[in-house]
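Reproduced below: final-v8.txt, with compact mmCIF, C-alpha atoms.
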```txt
# COMPACT_ATOMS: atom_id res chain seq x y z
CA MET A 1 0.00 0.00 0.00
CA LYS A 2 1.34 3.42 -0.96
CA MET A 3 2.07 5.80 1.89
CA GLU A 4 0.89 9.35 1.32
CA ILE A 5 0.88 12.47 3.50
CA THR A 6 -1.15 15.58 2.81
CA VAL A 7 0.41 18.76 4.16
CA LYS A 8 -1.84 21.77 4.63
CA SER A 9 -0.48 25.05 3.27
CA PRO A 10 3.30 24.50 3.32
CA ALA A 11 5.16 27.75 3.98
CA ASP A 12 8.84 28.60 3.56
CA PHE A 13 9.74 31.40 5.94
CA HIS A 14 13.16 32.24 4.48
CA VAL A 15 13.95 32.11 0.77
CA HIS A 16 16.12 33.97 -1.75
CA LEU A 17 14.51 34.58 -5.14
CA ARG A 18 17.23 36.82 -6.59
CA GLN A 19 16.68 39.33 -9.40
CA GLY A 20 17.04 39.67 -13.16
CA SER A 21 16.68 36.79 -15.60
CA ILE A 22 17.70 34.11 -13.11
CA SER A 23 14.66 35.02 -11.01
CA GLU A 24 12.49 33.67 -13.85
CA LEU A 25 14.07 30.28 -13.21
CA ILE A 26 14.04 30.48 -9.41
CA ALA A 27 10.58 31.82 -8.50
CA PRO A 28 8.58 28.93 -10.02
CA HIS A 29 10.65 26.50 -7.96
CA VAL A 30 8.83 27.62 -4.79
CA ARG A 31 5.72 25.75 -5.96
CA LYS A 32 7.74 23.03 -7.68
CA GLY A 33 9.14 22.20 -4.26
CA GLY A 34 5.66 22.01 -2.75
CA PHE A 35 5.25 25.47 -1.20
CA ASN A 36 2.75 28.27 -1.71
CA LEU A 37 4.13 30.89 0.70
CA ALA A 38 7.59 32.44 0.43
CA TYR A 39 9.10 34.84 2.95
CA VAL A 40 11.38 36.77 0.60
CA MET A 41 14.82 38.04 1.58
CA PRO A 42 15.78 41.64 0.65
CA ASN A 43 19.53 41.29 -0.02
CA LEU A 44 19.47 42.24 -3.68
CA LYS A 45 21.79 44.68 -5.46
CA PRO A 46 20.88 47.32 -4.40
CA PRO A 47 19.16 45.97 -1.27
CA ILE A 48 15.44 46.48 -0.69
CA THR A 49 15.40 49.39 1.76
CA SER A 50 12.08 51.12 0.98
CA THR A 51 8.42 50.25 0.71
CA GLU A 52 8.39 51.20 -2.96
CA GLN A 53 11.29 48.87 -3.75
CA ALA A 54 9.64 46.00 -1.88
CA LEU A 55 6.34 46.43 -3.69
CA GLU A 56 8.09 46.70 -7.05
CA TYR A 57 10.00 43.49 -6.34
CA LYS A 58 6.82 41.74 -5.24
CA GLY A 59 5.14 42.80 -8.47
CA LYS A 60 7.97 41.29 -10.52
CA LEU A 61 7.71 38.02 -8.62
CA GLU A 62 3.95 37.89 -9.03
CA ARG A 63 4.33 38.38 -12.78
CA ILE A 64 6.55 35.28 -12.81
CA ASP A 65 4.23 33.17 -10.62
CA SER A 66 1.12 34.75 -9.15
CA ASN A 67 0.11 31.57 -7.27
CA VAL A 68 2.62 32.13 -4.46
CA ASP A 69 1.95 34.30 -1.41
CA TYR A 70 5.08 36.46 -1.30
CA LEU A 71 5.74 38.04 2.10
CA MET A 72 8.12 40.94 1.62
CA THR A 73 10.87 42.32 3.84
CA LEU A 74 13.10 45.38 4.10
CA TYR A 75 16.87 45.42 4.60
CA LEU A 76 17.90 47.03 7.87
CA SER A 77 20.06 49.99 6.90
CA PRO A 78 20.83 53.58 7.95
CA GLU A 79 18.28 54.85 5.41
CA LEU A 80 15.42 53.16 7.25
CA THR A 81 13.30 55.43 9.48
CA PRO A 82 10.41 54.86 11.90
CA ASP A 83 8.11 56.62 9.43
CA GLU A 84 9.19 54.19 6.71
CA ILE A 85 8.43 51.30 9.05
CA ARG A 86 4.90 52.58 9.57
CA LYS A 87 4.51 53.11 5.82
CA ALA A 88 5.77 49.60 5.13
CA LYS A 89 3.33 48.10 7.61
CA ARG A 90 0.41 49.88 5.95
CA ALA A 91 1.58 48.51 2.59
CA GLY A 92 1.65 44.92 3.87
CA ILE A 93 5.41 44.53 4.28
CA VAL A 94 5.90 41.90 6.98
CA GLY A 95 9.43 42.18 8.33
CA VAL A 96 12.88 43.73 8.39
CA LYS A 97 16.01 41.64 7.89
CA SER A 98 19.24 42.41 9.71
CA TYR A 99 22.56 41.34 8.19
CA PRO A 100 25.78 41.93 10.12
CA ARG A 101 28.25 43.53 7.76
CA GLY A 102 29.99 41.14 5.37
CA VAL A 103 28.87 37.81 6.83
CA THR A 104 26.93 36.50 3.83
CA THR A 105 25.86 37.18 0.24
CA ASN A 106 25.22 40.88 -0.49
CA SER A 107 25.68 41.98 3.12
CA ASP A 108 28.33 44.65 2.56
CA GLY A 109 25.79 47.24 3.68
CA GLY A 110 24.99 45.33 6.87
CA ILE A 111 24.90 46.75 10.35
CA GLU A 112 27.64 47.17 12.92
CA SER A 113 25.70 48.43 15.97
CA TYR A 114 22.22 47.34 17.01
CA GLU A 115 21.65 50.15 19.49
CA THR A 116 21.70 52.58 16.57
CA TYR A 117 18.52 50.93 15.34
CA TYR A 118 16.55 50.96 18.58
CA PRO A 119 14.16 53.66 17.26
CA ILE A 120 13.47 51.36 14.29
CA PHE A 121 12.85 48.40 16.60
CA GLU A 122 10.54 50.53 18.73
CA ALA A 123 8.47 51.43 15.67
CA MET A 124 8.43 47.79 14.56
CA GLN A 125 7.22 46.72 17.99
CA GLU A 126 4.53 49.39 17.88
CA VAL A 127 3.13 48.30 14.49
CA ASP A 128 3.83 44.58 14.96
CA MET A 129 6.42 43.91 12.26
CA VAL A 130 8.92 41.05 12.52
CA LEU A 131 12.67 41.49 13.01
CA ASN A 132 14.62 38.77 11.20
CA LEU A 133 18.16 38.35 12.51
CA HIS A 134 21.02 36.74 10.65
CA GLY A 135 22.60 35.42 13.82
CA GLU A 136 26.32 35.81 13.23
CA VAL A 137 28.97 38.43 13.93
CA PRO A 138 31.76 39.25 11.47
CA SER A 139 34.97 37.27 11.77
CA ASP A 140 37.70 38.98 13.76
CA ALA A 141 41.01 37.18 14.20
CA ALA A 142 42.08 39.51 17.00
CA ALA A 143 39.02 38.48 19.01
CA ASN A 144 39.21 34.81 17.94
CA ILE A 145 35.85 35.08 16.11
CA HIS A 146 35.44 32.88 13.05
CA ILE A 147 32.76 31.07 11.06
CA ILE A 148 32.48 28.27 13.62
CA ASN A 149 31.77 30.47 16.66
CA ALA A 150 30.19 33.46 14.90
CA GLU A 151 26.68 32.30 15.81
CA PRO A 152 27.21 31.65 19.54
CA THR A 153 29.05 34.97 19.75
CA PHE A 154 26.00 36.72 18.29
CA LEU A 155 23.48 35.33 20.79
CA PRO A 156 23.96 38.01 23.50
CA HIS A 157 22.72 40.52 20.90
CA LEU A 158 19.53 38.48 20.47
CA LEU A 159 18.93 38.35 24.21
CA LYS A 160 19.65 42.07 24.65
CA ILE A 161 17.25 43.11 21.86
CA HIS A 162 14.56 40.80 23.23
CA ALA A 163 14.98 42.26 26.73
CA ALA A 164 14.74 45.82 25.38
CA PHE A 165 11.72 45.08 23.17
CA PRO A 166 9.83 42.20 24.80
CA THR A 167 6.78 42.37 22.52
CA LEU A 168 8.77 42.73 19.27
CA ARG A 169 8.45 39.54 17.27
CA ILE A 170 11.98 38.32 16.47
CA VAL A 171 13.14 35.38 14.36
CA LEU A 172 16.66 34.05 14.73
CA GLU A 173 17.30 32.81 11.21
CA HIS A 174 18.83 29.49 10.14
CA ALA A 175 20.12 28.29 13.52
CA THR A 176 23.05 25.89 13.33
CA THR A 177 24.19 25.37 16.93
CA ARG A 178 22.95 23.91 20.18
CA ALA A 179 23.72 27.27 21.78
CA ALA A 180 21.27 28.99 19.41
CA VAL A 181 18.52 26.49 20.14
CA GLU A 182 18.97 26.93 23.88
CA ALA A 183 19.01 30.74 23.60
CA VAL A 184 15.71 30.81 21.71
CA LYS A 185 14.14 28.42 24.22
CA LEU A 186 15.12 30.84 27.01
CA CYS A 187 13.26 33.68 25.33
CA GLY A 188 9.59 34.49 25.55
CA PRO A 189 6.86 33.65 23.03
CA THR A 190 7.78 36.57 20.78
CA VAL A 191 11.09 34.96 19.76
CA ALA A 192 11.19 32.13 17.21
CA CYS A 193 13.78 30.38 15.09
CA THR A 194 14.02 29.01 11.56
CA ILE A 195 15.88 25.83 10.69
CA THR A 196 16.92 24.84 7.17
CA ALA A 197 16.64 21.43 5.55
CA HIS A 198 20.35 21.31 4.76
CA HIS A 199 21.43 22.08 8.32
CA LEU A 200 19.39 19.06 9.43
CA GLU A 201 21.56 16.93 7.15
CA LEU A 202 25.04 18.44 6.94
CA THR A 203 27.92 18.76 9.40
CA VAL A 204 31.27 20.48 9.09
CA ASP A 205 32.77 17.44 7.35
CA ASP A 206 30.27 17.76 4.50
CA TRP A 207 31.30 21.25 3.39
CA ALA A 208 35.03 21.10 4.09
CA GLY A 209 36.34 20.70 0.56
CA GLN A 210 32.85 20.48 -0.99
CA SER A 211 31.70 23.84 -2.30
CA TRP A 212 28.16 22.67 -3.13
CA ASN A 213 27.48 22.17 0.59
CA PHE A 214 29.07 25.47 1.63
CA CYS A 215 26.69 28.07 3.04
CA LYS A 216 26.63 30.73 5.73
CA PRO A 217 26.12 30.06 8.50
CA VAL A 218 28.18 26.94 7.89
CA ALA A 219 26.97 23.58 9.14
CA LYS A 220 28.55 22.83 12.49
CA PHE A 221 29.30 19.70 14.54
CA PRO A 222 27.25 16.49 14.87
CA ASP A 223 26.11 17.51 18.36
CA ASP A 224 24.81 20.80 16.96
CA ARG A 225 22.94 19.00 14.20
CA GLN A 226 21.46 16.68 16.80
CA SER A 227 20.13 19.64 18.77
CA LEU A 228 18.30 20.88 15.65
CA ARG A 229 16.83 17.45 15.08
CA ASP A 230 15.83 17.08 18.71
CA ILE A 231 13.93 20.36 18.86
CA ILE A 232 11.95 19.37 15.76
CA ALA A 233 11.24 15.91 17.12
CA GLU A 234 10.02 17.57 20.30
CA GLY A 235 7.53 19.59 18.27
CA HIS A 236 8.53 22.92 19.80
CA PRO A 237 6.17 25.51 18.25
CA ARG A 238 8.73 28.30 18.00
CA PHE A 239 11.04 26.36 15.66
CA PHE A 240 9.96 26.05 12.04
CA LEU A 241 11.18 25.80 8.47
CA GLY A 242 13.00 28.60 6.73
CA SER A 243 14.89 26.97 3.88
CA ASP A 244 17.43 29.74 3.26
CA SER A 245 17.39 28.35 -0.26
CA ALA A 246 20.13 30.45 -1.86
CA PRO A 247 20.87 29.78 -5.53
CA HIS A 248 24.07 30.73 -7.31
CA PRO A 249 25.21 30.07 -10.90
CA PRO A 250 27.34 26.89 -11.09
CA HIS A 251 30.51 28.79 -12.00
CA ALA A 252 30.22 30.87 -8.82
CA LYS A 253 29.27 27.93 -6.64
CA SER A 254 31.82 25.37 -7.78
CA THR A 255 34.88 27.55 -8.33
CA SER A 256 37.20 29.50 -6.08
CA THR A 257 40.41 31.36 -6.84
CA PRO A 258 43.29 32.57 -4.68
CA THR A 259 41.47 35.90 -4.30
CA HIS A 260 37.77 34.87 -4.40
CA ALA A 261 35.96 32.24 -2.39
CA CYS A 262 33.17 30.14 -3.83
CA ALA A 263 29.64 31.47 -3.33
CA ALA A 264 27.91 30.65 -0.03
CA GLY A 265 24.47 29.11 -0.40
CA VAL A 266 22.59 25.83 -0.79
CA TYR A 267 19.70 25.60 -3.27
CA THR A 268 16.83 23.49 -1.98
CA SER A 269 13.65 25.18 -3.25
CA PRO A 270 12.81 22.81 -6.14
CA ILE A 271 13.00 19.68 -3.95
CA LEU A 272 12.12 21.20 -0.58
CA LEU A 273 9.02 19.41 0.73
CA PRO A 274 10.11 15.88 -0.33
CA LEU A 275 13.60 16.62 1.03
CA VAL A 276 12.29 17.77 4.42
CA ALA A 277 10.06 14.69 4.66
CA HIS A 278 13.01 12.45 3.79
CA ILE A 279 15.27 14.02 6.40
CA LEU A 280 12.64 14.12 9.15
CA GLU A 281 11.83 10.47 8.50
CA SER A 282 15.53 9.63 8.83
CA PHE A 283 15.53 10.69 12.50
CA GLY A 284 12.03 9.55 13.41
CA ALA A 285 10.24 12.90 13.23
CA LEU A 286 8.01 12.48 10.19
CA ASP A 287 4.98 13.01 12.42
CA ARG A 288 6.24 16.58 12.99
CA LEU A 289 6.19 17.47 9.28
CA GLN A 290 2.91 19.45 9.32
CA GLY A 291 3.93 21.56 12.29
CA PHE A 292 7.46 22.20 11.07
CA VAL A 293 6.65 23.18 7.47
CA SER A 294 3.35 24.96 8.07
CA ASP A 295 1.52 25.26 11.39
CA PHE A 296 4.24 26.70 13.62
CA GLY A 297 5.57 29.31 11.22
CA ARG A 298 2.12 30.37 10.12
CA ALA A 299 1.03 30.81 13.72
CA PHE A 300 4.06 32.94 14.57
CA TYR A 301 3.66 35.11 11.46
CA LYS A 302 -0.13 35.28 11.87
CA ARG A 303 -0.76 33.76 8.43
CA PRO A 304 -3.59 31.28 8.98
CA ILE A 305 -3.75 27.89 7.29
CA GLN A 306 -5.49 28.26 3.96
CA GLY A 307 -8.17 26.05 2.43
CA LEU A 308 -7.67 22.49 1.28
CA GLU A 309 -6.95 23.76 -2.24
CA LYS A 310 -3.54 24.85 -0.88
CA SER A 311 -2.72 21.38 0.46
CA VAL A 312 0.14 19.37 -1.06
CA THR A 313 0.33 15.59 -1.03
CA ILE A 314 3.62 13.71 -1.00
CA ARG A 315 4.10 9.99 -1.58
CA LYS A 316 6.70 7.55 -0.31
CA THR A 317 8.58 6.09 -3.26
CA ALA A 318 9.59 2.44 -3.42
CA SER A 319 13.12 3.01 -4.66
CA GLY A 320 13.59 6.75 -4.18
CA LYS A 321 13.23 9.59 -6.65
CA VAL A 322 16.46 10.95 -8.08
CA ALA A 323 16.83 14.70 -7.64
CA ASP A 324 17.34 16.62 -10.86
CA GLU A 325 20.94 17.27 -11.86
CA LYS A 326 20.27 20.84 -12.98
CA TYR A 327 17.66 23.35 -14.09
CA VAL A 328 18.06 25.50 -17.20
CA LEU A 329 16.15 28.50 -18.55
CA GLY A 330 17.70 30.47 -21.39
CA ASN A 331 21.27 31.28 -20.41
CA ASP A 332 20.72 30.56 -16.71
CA THR A 333 21.57 27.25 -15.02
CA LEU A 334 21.18 26.14 -11.41
CA VAL A 335 22.21 22.96 -9.62
CA PRO A 336 20.12 21.92 -6.59
CA PHE A 337 21.21 20.40 -3.30
CA TRP A 338 21.43 16.60 -3.52
CA ALA A 339 21.62 16.70 -7.32
CA GLY A 340 21.52 13.12 -8.63
CA GLN A 341 20.83 11.65 -5.20
CA GLN A 342 17.75 9.72 -4.15
CA ILE A 343 14.96 11.29 -2.12
CA GLY A 344 12.47 8.92 -0.53
CA TRP A 345 9.43 11.10 -1.19
CA GLU A 346 7.84 12.81 -4.18
CA ILE A 347 5.05 15.30 -4.73
CA VAL A 348 1.81 13.83 -6.04
CA GLU A 349 0.79 16.03 -8.94
CA PRO A 350 -2.87 17.13 -8.74
```
Can you dump the structure from the file as structure tokens?
Amino acid sequence: MKMEITVKSPADFHVHLRQGSISELIAPHVRKGGFNLAYVMPNLKPPITSTEQALEYKGKLERIDSNVDYLMTLYLSPELTPDEIRKAKRAGIVGVKSYPRGVTTNSDGGIESYETYYPIFEAMQEVDMVLNLHGEVPSDAAANIHIINAEPTFLPHLLKIHAAFPTLRIVLEHATTRAAVEAVKLCGPTVACTITAHHLELTVDDWAGQSWNFCKPVAKFPDDRQSLRDIIAEGHPRFFLGSDSAPHPPHAKSTSTPTHACAAGVYTSPILLPLVAHILESFGALDRLQGFVSDFGRAFYKRPIQGLEKSVTIRKTASGKVADEKYVLGNDTLVPFWAGQQIGWEIVEP
């Protein structure tokens, strides 16, 4: 007998859809991967720092695929004002994303001091917008800060902001460490955390020497991965899926030079729901799929479950479904995570 699971209104609360021609290839992969809500990151070139830019970007995405609910965000920057926050809220913009300077793709304009932005956070708390935190600090050899401990070193900032703005909804993005999980658990109900599919699978050994598994924050140690798996198996309602699906052209992803590193990012969008089911099943948490990919995130973001027409059914495959090797549209090519490898689940086409 075939095993099938119907997931109500899958939602990805952290995704990169890029810009230009490659966006035409990327945006349809949200639904291809089983999702109908995308929380869209603002780190374009130039970054999305105004309501007008966010709405223009949303319009472009909707022209590519209008069947996705795109939740838009602003990039935390010196140009942002409390008045702009209020304007953004009225326009339906959902959150503001903070990137520490230089820690990830297109973060050169990131922040260096959080206290500078307290008036922004106060306005966000007032109008009930979400603060999305990339939870790392920049590397600093003099202070012994590097990509392995950048996340734990950031956590006091999370706790300080939460203490200063206790009713501000905050999401610590793409947690990778046991320390991050424990910090979020210590916080009140207004602080949540996203976890990616790839961080549930990878450890440091998987990206050392393998550029296709390299992302920021980097995957950490087996004990850290276990903490991510444990919190999902527990069914904690403040931990939910944010894929951080981050596509890059193959030449940027697979190649480094003496002066340029390979691009940081793992592309999971086109295989996301089957992949999450496969990984959760591998550690005995398949029964948590609905909560992790839909219920918990939607509750935190106040985006109610939609009707049954937004449900997606996945089916256990007898021998595994091989993930596509690549996707091509015009002159653009992308290679997904787990290309050519078997995934134990597939989407049942309606």
- Task: Considering only C-alpha atoms, state which residue in the set A:Pro119, A:Arg18, A:Phe13, A:Lys45 is at the smallest distance from A:Thr194.
- Result: A:Phe13
- Selection near A:Ala91, 10 Å with only C-alpha atoms, sequence-local residues under 2 positions removed, as a PyMOL selection string: chain A and resi 51-52+54-55+85-89+93-94
- Task: In Å, rounded to a single decimal, give me how far atom CA of A:Lys302 is from atom CA of A:Ala180.
- Result: 23.5 Å
Residues of stretch 218-298 of chain A within 12 Å of stretch 317-322 of chain A: nearest atom pair and distance (Å, one decimal) for each, counting all atoms listed in the file, sorted by chain and number, as a tab-separated table?
```
residue	atom	partner	partner_atom	distance
A:Ile271	CA	A:Val322	CA	10.3
A:Pro274	CA	A:Lys321	CA	9.4
A:Leu275	CA	A:Lys321	CA	10.4
A:Ala277	CA	A:Thr317	CA	11.8
A:His278	CA	A:Gly320	CA	9.8
```
- Query: If you count all atoms listed in the file, which residues fall within 8 Å of A:Ile279, apart from same-chain ones fewer than 2 positions away, as a list in words?
  - Reply: Ala197, Leu200, Glu201, Leu275, Val276, Ala277, Glu281, Ser282 and Phe283 of chain A
Using the selection just defined, write its residues with C-alpha atoms as an mmCIF file, keeping the file's coordinate frame.
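Below you can see again-v7.cif, which holds the result:
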```cif
data_model
loop_
_atom_site.group_PDB
_atom_site.id
_atom_site.type_symbol
_atom_site.label_atom_id
_atom_site.label_comp_id
_atom_site.auth_asym_id
_atom_site.auth_seq_id
_atom_site.Cartn_x
_atom_site.Cartn_y
_atom_site.Cartn_z
ATOM 1 C CA ALA A 197 16.640 21.430 5.550
ATOM 2 C CA LEU A 200 19.390 19.060 9.430
ATOM 3 C CA GLU A 201 21.560 16.930 7.150
ATOM 4 C CA LEU A 275 13.600 16.620 1.030
ATOM 5 C CA VAL A 276 12.290 17.770 4.420
ATOM 6 C CA ALA A 277 10.060 14.690 4.660
ATOM 7 C CA GLU A 281 11.830 10.470 8.500
ATOM 8 C CA SER A 282 15.530 9.630 8.830
ATOM 9 C CA PHE A 283 15.530 10.690 12.500
#
```
Quick one: 5 Å padding each side, axis-aligned, all listed atoms of stretch 32-42 of chain A - centre and edge lengths in Å to one decimal, as AutoDock Vina command-line options?
```
--center_x 9.3 --center_y 31.8 --center_z -2.4 --size_x 23.0 --size_y 29.6 --size_z 20.6
```
